Structure formats: C-alpha cells, structure tokens
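S.K.: So here's upload31.cif (mmCIF, C-alpha atoms and all ligand atoms).
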data_model
#
loop_
_atom_site.label_atom_id
_atom_site.label_comp_id
_atom_site.auth_asym_id
_atom_site.auth_seq_id
_atom_site.Cartn_x
_atom_site.Cartn_y
_atom_site.Cartn_z
CA GLY Z 15 0.00 0.00 0.00
CA PRO Z 16 0.94 3.68 -0.11
CA LEU Z 17 3.52 5.08 2.35
CA LYS Z 18 2.37 5.26 5.98
CA GLU Z 19 4.93 6.25 8.57
CA VAL Z 20 4.69 7.66 12.09
CA LEU Z 21 7.46 9.62 13.80
CA PHE Z 22 7.54 10.35 17.51
CA PHE Z 23 9.42 13.08 19.32
CA PRO Z 24 11.47 14.24 21.21
CA SER Z 25 14.30 13.37 18.88
CA PRO Z 26 17.93 13.22 20.12
CA GLN Z 27 20.24 15.87 18.71
CA VAL Z 28 22.42 14.41 15.94
CA CYS Z 29 24.30 15.88 12.99
CA VAL Z 30 22.06 16.39 9.93
CA GLU Z 31 24.70 18.15 7.82
CA HIS Z 32 24.84 15.28 5.29
CA LEU Z 33 21.20 15.99 4.34
CA PHE Z 34 22.15 19.47 3.13
CA THR Z 35 25.57 18.79 1.58
CA SER Z 36 25.43 15.85 -0.79
CA HIS Z 37 29.08 15.93 -1.93
CA ARG Z 38 31.09 16.14 1.25
CA SER Z 39 34.76 15.29 0.89
CA PHE Z 40 35.76 15.97 4.51
CA PRO Z 41 34.53 14.56 7.81
CA CYS Z 42 32.13 16.84 9.74
CA ALA Z 43 33.71 18.52 12.77
CA CYS Z 44 30.50 19.34 14.65
CA PRO Z 45 30.08 17.98 18.22
CA PHE Z 46 26.94 15.92 17.53
CA PRO Z 47 26.74 12.17 16.81
CA HIS Z 48 27.08 11.22 13.12
CA GLY Z 49 25.54 8.50 10.99
CA ILE Z 50 22.46 8.14 13.18
CA GLN Z 51 18.92 8.33 11.87
CA THR Z 52 16.37 9.98 14.17
CA SER Z 53 12.75 11.07 13.87
CA PHE Z 54 14.00 14.57 13.10
CA SER Z 55 16.49 13.50 10.39
CA ARG Z 56 13.72 11.39 8.85
CA LEU Z 57 11.35 14.37 8.89
CA LEU Z 58 13.99 16.54 7.18
CA GLU Z 59 14.51 13.81 4.56
CA HIS Z 60 10.80 13.79 3.78
CA LEU Z 61 10.77 17.59 3.42
CA LEU Z 62 13.90 17.58 1.27
CA SER Z 63 12.34 14.93 -1.02
CA ALA Z 64 10.21 17.69 -2.64
CA ARG Z 65 10.90 18.06 -6.36
CA THR Z 66 8.16 20.42 -7.60
CA SER Z 67 6.12 21.89 -4.75
CA LEU Z 68 5.90 22.27 -0.99
CA GLU Z 69 2.69 23.63 0.51
CA MET Z 70 2.70 24.31 4.23
CA CYS Z 71 0.18 25.37 6.86
CA ILE Z 72 2.36 25.97 9.90
CA PHE Z 73 1.28 27.60 13.16
CA SER Z 74 4.75 28.25 14.60
CA PHE Z 75 7.95 28.04 12.59
CA SER Z 76 11.26 28.80 14.31
CA ASN Z 77 13.31 25.64 13.73
CA MET Z 78 16.56 26.72 11.99
CA GLU Z 79 17.25 23.40 10.32
CA MET Z 80 13.73 23.14 8.94
CA SER Z 81 14.06 26.72 7.71
CA ARG Z 82 17.36 25.82 6.07
CA ALA Z 83 15.64 22.89 4.33
CA ILE Z 84 12.81 25.11 3.01
CA LEU Z 85 15.27 27.74 1.75
CA LEU Z 86 17.29 25.02 0.01
CA LEU Z 87 14.16 23.68 -1.72
CA HIS Z 88 13.27 27.21 -2.84
CA LYS Z 89 16.79 27.65 -4.23
CA ARG Z 90 16.41 24.35 -6.13
CA GLY Z 91 13.29 25.72 -7.84
CA VAL Z 92 10.67 23.94 -5.75
CA VAL Z 93 7.54 26.15 -5.53
CA VAL Z 94 7.06 26.79 -1.81
CA ARG Z 95 3.84 28.32 -0.44
CA VAL Z 96 3.29 28.96 3.26
CA VAL Z 97 0.15 29.77 5.25
CA THR Z 98 0.89 30.75 8.83
CA ASP Z 99 -0.59 32.26 11.98
CA ARG Z 100 -0.94 36.03 12.24
CA ASP Z 101 0.39 36.33 15.80
CA TYR Z 102 3.08 33.66 15.73
CA MET Z 103 4.75 34.79 12.52
CA THR Z 104 6.30 37.79 14.28
CA ILE Z 105 7.45 36.20 17.56
CA THR Z 106 11.13 36.07 18.42
CA GLY Z 107 12.94 33.41 16.45
CA SER Z 108 10.23 33.02 13.83
CA GLN Z 109 11.70 32.00 10.47
CA ILE Z 110 8.77 33.44 8.49
CA GLY Z 111 10.66 36.71 7.86
CA ALA Z 112 13.65 34.79 6.49
CA LEU Z 113 11.41 32.85 4.09
CA ARG Z 114 9.79 36.08 2.84
CA LYS Z 115 13.17 37.75 2.44
CA ALA Z 116 14.26 34.85 0.24
CA GLY Z 117 11.23 35.41 -2.00
CA ILE Z 118 8.99 32.61 -0.72
CA SER Z 119 5.22 33.31 -0.84
CA VAL Z 120 3.81 33.54 2.69
CA ARG Z 121 0.23 34.31 3.64
CA HIS Z 122 -1.27 34.54 7.10
CA GLU Z 123 -4.58 34.10 8.83
CA MET Z 124 -6.65 37.32 8.52
CA SER Z 125 -8.09 37.45 12.02
CA SER Z 126 -6.06 37.72 15.19
CA ALA Z 127 -9.00 36.22 17.13
CA VAL Z 128 -8.41 32.92 15.33
CA HIS Z 129 -5.34 30.71 15.25
CA MET Z 130 -4.14 28.95 12.11
CA HIS Z 131 -3.17 25.98 14.28
CA HIS Z 132 -2.45 23.40 11.57
CA LYS Z 133 1.04 21.90 11.32
CA PHE Z 134 1.00 20.13 7.98
CA ALA Z 135 2.93 20.11 4.73
CA LEU Z 136 2.23 18.62 1.31
CA VAL Z 137 5.22 17.42 -0.70
CA ASP Z 138 4.74 17.45 -4.49
CA GLY Z 139 0.97 17.37 -3.91
CA ARG Z 140 1.09 13.71 -2.94
CA LYS Z 141 2.85 13.22 0.38
CA LEU Z 142 1.22 14.51 3.58
CA ILE Z 143 3.24 15.39 6.70
CA SER Z 144 0.94 16.23 9.62
CA GLY Z 145 0.76 15.92 13.39
CA SER Z 146 1.05 17.70 16.71
CA LEU Z 147 4.58 18.97 16.06
CA ASN Z 148 5.13 22.69 15.69
CA TRP Z 149 8.23 23.50 13.65
CA THR Z 150 10.24 24.69 16.64
CA LEU Z 151 13.35 23.47 18.42
CA THR Z 152 11.47 22.80 21.68
CA ALA Z 153 8.89 20.65 19.94
CA VAL Z 154 11.58 18.59 18.19
CA GLN Z 155 14.02 18.21 21.09
CA SER Z 156 11.85 18.30 24.23
CA ASN Z 157 8.17 17.61 23.72
CA LYS Z 158 6.16 14.43 23.30
CA GLU Z 159 4.95 14.89 19.72
CA ASN Z 160 3.82 12.90 16.68
CA VAL Z 161 3.99 13.30 12.91
CA ILE Z 162 2.19 11.11 10.39
CA ILE Z 163 3.70 10.85 6.91
CA THR Z 164 1.51 9.26 4.27
CA GLU Z 165 0.83 9.07 0.55
CA GLU Z 166 -2.63 7.60 1.14
CA PRO Z 167 -4.83 9.55 -1.33
CA GLU Z 168 -7.86 9.47 1.01
CA LEU Z 169 -5.80 11.40 3.57
CA VAL Z 170 -3.74 13.58 1.20
CA ARG Z 171 -6.71 14.87 -0.84
CA PRO Z 172 -8.64 16.57 2.01
CA PHE Z 173 -5.47 18.32 3.23
CA GLN Z 174 -4.75 19.48 -0.33
CA GLN Z 175 -8.23 21.04 -0.48
CA GLU Z 176 -7.76 22.59 2.96
CA PHE Z 177 -4.45 24.13 1.88
CA LEU Z 178 -6.00 25.71 -1.23
CA LYS Z 179 -8.98 26.99 0.76
CA LEU Z 180 -6.76 28.62 3.38
CA TRP Z 181 -4.34 29.93 0.75
CA GLU Z 182 -7.22 31.72 -1.02
CA ALA Z 183 -8.67 33.05 2.23
CA SER Z 184 -5.40 34.29 3.73
CA ASP Z 185 -3.69 37.66 3.64
CA PRO Z 186 -0.58 37.94 1.43
CA ALA Z 187 0.53 41.20 3.10
CA GLY M 27 -9.82 -0.34 2.86
CA PRO M 28 -9.89 0.51 6.58
CA LEU M 29 -11.58 3.74 7.75
CA LYS M 30 -9.76 6.96 6.80
CA GLU M 31 -11.51 10.22 7.55
CA VAL M 32 -10.31 13.80 7.95
CA LEU M 33 -12.19 16.48 9.89
CA PHE M 34 -11.41 20.18 9.65
CA PHE M 35 -12.23 22.91 12.11
CA PRO M 36 -13.58 25.44 13.11
CA SER M 37 -16.91 23.69 13.39
CA PRO M 38 -20.18 25.67 13.61
CA GLN M 39 -22.05 25.42 16.90
CA VAL M 40 -24.97 23.00 16.61
CA CYS M 41 -26.96 20.94 19.09
CA VAL M 42 -25.26 17.63 19.95
CA GLU M 43 -27.76 16.60 22.64
CA HIS M 44 -29.02 13.63 20.56
CA LEU M 45 -25.56 12.02 20.82
CA PHE M 46 -25.88 11.84 24.60
CA THR M 47 -29.57 11.02 24.99
CA SER M 48 -30.58 8.15 22.76
CA HIS M 49 -34.26 7.89 23.80
CA ARG M 50 -35.56 11.42 23.56
CA SER M 51 -39.32 11.75 23.50
CA PHE M 52 -39.46 15.56 23.38
CA PRO M 53 -37.98 18.14 21.01
CA CYS M 54 -34.83 19.86 22.27
CA ALA M 55 -35.41 23.47 23.38
CA CYS M 56 -31.79 24.68 23.09
CA PRO M 57 -31.04 27.68 20.83
CA PHE M 58 -28.64 25.87 18.47
CA PRO M 59 -29.46 24.35 15.05
CA HIS M 60 -30.68 20.73 15.16
CA GLY M 61 -30.24 17.78 12.82
CA ILE M 62 -26.98 19.08 11.36
CA GLN M 63 -23.77 17.04 11.22
CA THR M 64 -20.54 18.98 11.75
CA SER M 65 -16.89 18.10 12.22
CA PHE M 66 -17.41 18.36 15.94
CA SER M 67 -20.54 16.17 16.06
CA ARG M 68 -18.66 13.61 13.95
CA LEU M 69 -15.69 13.72 16.34
CA LEU M 70 -18.02 13.16 19.31
CA GLU M 71 -19.64 10.23 17.48
CA HIS M 72 -16.24 8.61 16.99
CA LEU M 73 -15.39 9.06 20.68
CA LEU M 74 -18.79 7.74 21.78
CA SER M 75 -18.33 4.66 19.57
CA ALA M 76 -15.94 3.21 22.20
CA ARG M 77 -17.20 -0.10 23.62
CA THR M 78 -14.27 -1.44 25.67
CA SER M 79 -11.45 1.12 25.99
CA LEU M 80 -10.47 4.71 25.35
CA GLU M 81 -6.81 5.68 25.67
CA MET M 82 -5.98 9.36 25.38
CA CYS M 83 -2.83 11.49 25.26
CA ILE M 84 -4.23 15.01 25.46
CA PHE M 85 -2.21 18.20 25.98
CA SER M 86 -5.10 20.50 26.87
CA PHE M 87 -8.60 19.30 27.77
CA SER M 88 -11.25 21.87 28.65
CA ASN M 89 -14.05 21.13 26.17
CA MET M 90 -17.21 20.45 28.23
CA GLU M 91 -18.96 18.33 25.62
CA MET M 92 -15.90 16.15 25.08
CA SER M 93 -15.62 15.80 28.86
CA ARG M 94 -19.29 14.81 29.03
CA ALA M 95 -18.63 12.16 26.36
CA ILE M 96 -15.67 10.72 28.28
CA LEU M 97 -17.64 10.65 31.56
CA LEU M 98 -20.52 8.89 29.78
CA LEU M 99 -18.16 6.23 28.38
CA HIS M 100 -16.68 5.70 31.86
CA LYS M 101 -20.22 5.28 33.26
CA ARG M 102 -20.95 2.72 30.53
CA GLY M 103 -17.97 0.64 31.71
CA VAL M 104 -15.50 1.64 29.00
CA VAL M 105 -11.97 1.58 30.49
CA VAL M 106 -10.66 5.15 30.07
CA ARG M 107 -6.99 6.01 30.58
CA VAL M 108 -5.63 9.54 30.15
CA VAL M 109 -2.08 10.87 29.84
CA THR M 110 -1.90 14.65 30.00
CA ASP M 111 0.45 17.60 30.36
CA ARG M 112 1.70 18.56 33.82
CA ASP M 113 1.15 22.31 33.44
CA TYR M 114 -2.05 22.32 31.42
CA MET M 115 -3.97 19.89 33.61
CA THR M 116 -4.43 22.54 36.30
CA ILE M 117 -5.28 25.59 34.18
CA THR M 118 -8.69 27.24 34.50
CA GLY M 119 -11.40 25.25 32.78
CA SER M 120 -9.39 22.04 32.59
CA GLN M 121 -11.64 18.97 32.74
CA ILE M 122 -8.87 16.71 34.06
CA GLY M 123 -10.02 17.24 37.68
CA ALA M 124 -13.57 16.23 36.77
CA LEU M 125 -12.33 13.03 35.11
CA ARG M 126 -10.25 12.14 38.19
CA LYS M 127 -13.17 12.89 40.52
CA ALA M 128 -15.29 10.45 38.51
CA GLY M 129 -12.68 7.73 39.05
CA ILE M 130 -10.96 7.83 35.65
CA SER M 131 -7.21 7.00 35.67
CA VAL M 132 -5.17 10.06 34.74
CA ARG M 133 -1.40 10.29 34.56
CA HIS M 134 0.73 13.28 33.63
CA GLU M 135 4.11 14.06 32.16
CA MET M 136 6.77 13.95 34.94
CA SER M 137 8.81 16.98 33.92
CA SER M 138 7.52 20.51 33.73
CA ALA M 139 10.34 21.36 31.28
CA VAL M 140 8.68 19.10 28.71
CA HIS M 141 5.21 19.28 27.19
CA MET M 142 3.08 16.21 26.53
CA HIS M 143 1.84 17.88 23.35
CA HIS M 144 0.07 14.93 21.71
CA LYS M 145 -3.65 15.20 21.01
CA PHE M 146 -4.64 11.65 20.16
CA ALA M 147 -7.07 9.01 21.30
CA LEU M 148 -7.38 5.28 20.64
CA VAL M 149 -10.89 3.82 20.55
CA ASP M 150 -11.12 0.11 21.46
CA GLY M 151 -7.43 -0.23 20.54
CA ARG M 152 -8.22 -0.05 16.85
CA LYS M 153 -9.40 3.43 15.86
CA LEU M 154 -6.97 6.34 15.97
CA ILE M 155 -8.12 9.97 16.39
CA SER M 156 -5.18 12.39 16.02
CA GLY M 157 -4.40 15.86 14.73
CA SER M 158 -3.65 19.45 15.63
CA LEU M 159 -6.85 19.92 17.65
CA ASN M 160 -6.57 20.45 21.37
CA TRP M 161 -9.73 19.42 23.23
CA THR M 162 -10.81 22.98 23.98
CA LEU M 163 -13.75 25.15 22.94
CA THR M 164 -11.51 27.67 21.13
CA ALA M 165 -9.87 24.96 19.05
CA VAL M 166 -13.23 23.50 18.03
CA GLN M 167 -15.12 26.74 17.39
CA SER M 168 -12.45 29.23 16.28
CA ASN M 169 -9.18 27.75 15.08
CA LYS M 170 -8.08 26.22 11.80
CA GLU M 171 -7.48 22.63 12.92
CA ASN M 172 -7.43 19.07 11.61
CA VAL M 173 -8.18 15.61 12.97
CA ILE M 174 -7.44 12.33 11.20
CA ILE M 175 -9.58 9.32 12.12
CA THR M 176 -8.35 5.97 10.87
CA GLU M 177 -8.41 2.23 11.52
CA GLU M 178 -5.34 1.68 9.32
CA PRO M 179 -3.22 -0.76 11.40
CA GLU M 180 0.08 0.73 10.18
CA LEU M 181 -0.97 4.05 11.75
CA VAL M 182 -2.88 2.73 14.79
CA ARG M 183 -0.12 0.37 15.99
CA PRO M 184 2.64 2.99 16.52
CA PHE M 185 0.25 5.25 18.46
CA GLN M 186 -0.82 2.27 20.59
CA GLN M 187 2.84 1.64 21.46
CA GLU M 188 3.39 5.35 22.17
CA PHE M 189 0.38 5.42 24.50
CA LEU M 190 1.65 2.43 26.49
CA LYS M 191 5.17 3.90 26.67
CA LEU M 192 3.90 7.25 27.97
CA TRP M 193 1.41 5.57 30.32
CA GLU M 194 4.26 3.59 31.93
CA ALA M 195 6.54 6.65 32.11
CA SER M 196 3.98 9.08 33.51
CA ASP M 197 3.11 10.10 37.04
CA PRO M 198 -0.18 8.76 38.44
CA ALA M 199 -0.17 11.26 41.33
ZN ZN L 1 28.35 17.01 12.04
ZN ZN L 2 -30.72 21.22 21.15
#
Written as structure tokens, how would this file's structure read?
M.R.:
Amino acid sequence: GPLKEVLFFPSPQVCVEHLFTSHRSFPCACPFPHGIQTSFSRLLEHLLSARTSLEMCIFSFSNMEMSRAILLLHKRGVVVRVVTDRDYMTITGSQIGALRKAGISVRHEMSSAVHMHHKFALVDGRKLISGSLNWTLTAVQSNKENVIITEEPELVRPFQQEFLKLWEASDPA
Amino acid sequence: GPLKEVLFFPSPQVCVEHLFTSHRSFPCACPFPHGIQTSFSRLLEHLLSARTSLEMCIFSFSNMEMSRAILLLHKRGVVVRVVTDRDYMTITGSQIGALRKAGISVRHEMSSAVHMHHKFALVDGRKLISGSLNWTLTAVQSNKENVIITEEPELVRPFQQEFLKLWEASDPA
C-alpha cells in the first residue's frame, strides 16, 4: 500500500549536515553524533524529497534546520507556499521573515481572534506530513509529539483542499 | 480499505444533545441548530463509539462536551486512561479534575520542562483519532485545525505503542 509512517518526538540531537551537503569530501567537525537516523532526520529527509512543490500550513515556525531545508528547496526551484498564523509569525525566532526575504510566498490568517493551528505540509501534492509537532526546536528536542507521513490519497486529498482553501482566504501582506 | 476520515475545524455550533440522549421523546429546546452534522458532532460520534477502551494522550482538555462524552463512556464501563500535560492539567477550565473525581485514571508528564503535546485518542485499541486539535472550545469553534480518524493498522499500531510507553513513564499522582 501507499507510504504510511509515524514519527515520535522528542528526537535526540544528531548531525544532519549530510542531508544538506550531498558531496562532502571531509569529515564533519560538529560535536553531535554522526551516521544516526532519528525522527528529526527522517522528517527533514521527507521535506527535502520535494521536487516540484511544498505547501505548508504551519502555526509556529522557528526551527533553523527546517528553515534551512525550506530555503534550500526554494533555491532548487521547488515552488514553496506557506500559510501561517498572524500572531506567531512575528514572535522572536520566527523564520517566516527569512522565508519572505528569500522570496517565498507567505500568507497569514486574517483574524487575530483565530489561530491557524495546523502543522501540515504537502510534498509534491502527494505526500502529507501532519501531526502535533510545531516546527520549533522545543517541539523537536523536548516535547512528546507525533507526525504522520503518508501518501494515502484518502488522507492527502482533504489536506490538499484545505491548503488551497486557506491559501485563497489568507492575507498575502 | 480501513476507515480513513479527515475532519477540519472550526466547526459551527450545533446541538449535539441527541448524541448523549438516545431515547428522547421531546424536542430539544436549546437555541442551536438541530439535525446538522458537523466536524465536531462527527468527532463526538467517533469518541462515543468506544465499547471497551479509550486511551488518550491530550495536551489541553477543557471542552465540556468532550468531557461529558468521556464521563458517559466511563459510566458505561469503558476503560478510560488519560495521559496529559503537567502544566495544562491545572489551568482554568481544565476537565482533568472532573475526570479524576469520577474515578478515571489520569497520569501526567513527569517533567515541567517538557510538554506532553500529543492530542490523540485510541478507541477500542483499533481506531486512531489524532491531529492538531486540542480538546478545547476555542480549538473546536475558532481555530483552523485538523483531525485524522483511521483504523489503518500501520498508523494505529505505533500510536498504541506510544500510548503504552507514555502511560508507563507518567506520574499517576
Ligand atoms: Zn556534524
Ligand atoms: Zn438542542
């Protein structure tokens, strides 16, 4: 059947440099363990698997490595579109400004009385990544969290419709 | 294939009285619309479908109607077990105290440096309910939220293991 995977967090801190630099001719000098797969490295791999599009509805986005992954996809020509929360996009450490500065299209919830509380992404319109996990360092490294990754059309399709609905209804300013 | 359903929120406020009172011989006098199915009424139906067990990992639980559903299941003899967050269980409006008072087993995350941020439930060990939605009134009525409901074993099994792991690791006090 289609891909169905569940990741649980917290995830131990390991080096994920190899996911960003495919042709590395020197050993990495960072202090973190190498050659270990974790829930977080797996999540980054799924994000970085995007070839044509990445559509995200993300409440809180401050994780530097996830931001680095999104910026890399954008640089590779992947069409990235982000819907986010009005209040959380401006909090300290938010990466939303960095995405905008790089030219990525970001829209936000119109009303400040309402939270855009989703935390999902659609990879190439056919892989869903969704769960309790906000895209922050605390969520990844400290909290008890889950992320489902699936290519099951019955699950992907409704989220695709939800993304388009929120994209149309959200403020590009 | 096995059940796969996605619910999106916010959900309009409608009467859900019929879900709690099966033999009603008089029309309901409440001010909300009747005879309308919403994401929230559907979510309550899935919860109330439990016959033997309900296992929950819930970050924030203040929704009165969801609390009423859980208390009804407990009264019917369904074995309910709850893992929750240490900080959020005591905030104003939390229903965790009411569950405990009724004799439902509740455990909480040991550390206050860590959030038990899951929002999932397992019905009879075979139906998973999981998403971004905290079990609060704001989440249901105001926020952009999602809940996946599935009986897909590849998704249910990992959450079942996670529940048991957190149940064993959490504080019953
Ligand atoms: Zn390294
Ligand atoms: Zn009514």
S.K.: Select the residues contacting ligand ZN 1 (chain L) at a distance of at most 8 Å, based on all atoms listed in the file, then format the selection as number ranges by chain.
M.R.: Z: 28-32, 41-48
S.K.: Which residues come within 7 Å of segment 67-73 of chain Z, counting all atoms listed in the file, excluding same-chain residues fewer than 4 positions away, as a ChimeraX atom specification?
M.R.: /Z:92-99,102,130-139,148,177
S.K.: Taking all atoms listed in the file into account, report as a PyMOL selection string which residues of chain Z lie within 9 Å of chain M.
M.R.: chain Z and resi 18-22+127-134+144-147+152-153+156-162+168-169+172-173+176+180
S.K.: In Å, how far is it from atom CA of Gln186 of chain M to atom CA of Lys153 of chain M?
M.R.: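 Interatomic distance, atom CA of Gln186 of chain M to atom CA of Lys153 of chain M: 9.9 Å.
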S.K.: So that each row is one residue of segment 40-97 of chain Z with an atom at most 9 Å from segment 106-116 of chain Z, can you give its shortest atom pair and the distance in Å to one decimal, using all atoms listed in the file, rows by chain and rising number, as CSV?
M.R.:
residue,atom,partner,partner_atom,distance
Z:Ser74,CA,Z:Ser108,CA,7.3
Z:Phe75,CA,Z:Ser108,CA,5.6
Z:Ser76,CA,Z:Ser108,CA,4.4
Z:Asn77,CA,Z:Gln109,CA,7.3
Z:Met78,CA,Z:Gln109,CA,7.3
Z:Ser81,CA,Z:Gln109,CA,6.4
Z:Ile84,CA,Z:Leu113,CA,7.9
Z:Leu85,CA,Z:Leu113,CA,6.8
Z:His88,CA,Z:Ala116,CA,8.3
Z:Lys89,CA,Z:Ala116,CA,8.8
Z:Val96,CA,Z:Ile110,CA,8.8
S.K.: Interatomic distance between atom CA of Ser131 of chain M and atom CA of Glu194 of chain M?
M.R.: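 Interatomic distance, atom CA of Ser131 of chain M to atom CA of Glu194 of chain M: 12.5 Å.
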S.K.: Measure the distance from atom CA of Asp113 of chain M to atom CA of Met136 of chain M in Å and round it to one decimal.
M.R.: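 Taking atom CA of Asp113 of chain M and atom CA of Met136 of chain M, their separation equals 10.2 Å.
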S.K.: Determine the nearest neighbour of Leu70 of chain M from the options M:Thr116, M:Ser137, M:Leu45, M:Arg152, counting only C-alpha atoms.
M.R.: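 Going through M:Thr116, M:Ser137, M:Leu45, M:Arg152 one by one, the smallest distance to Leu70 of chain M is for M:Leu45.
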S.K.: Using all atoms listed in the file, find the one residue out of M:Leu154, M:Phe46, M:Leu98, M:Gly27 that sits nearest to ligand ZN 2 (chain L).
M.R.: M:Phe46
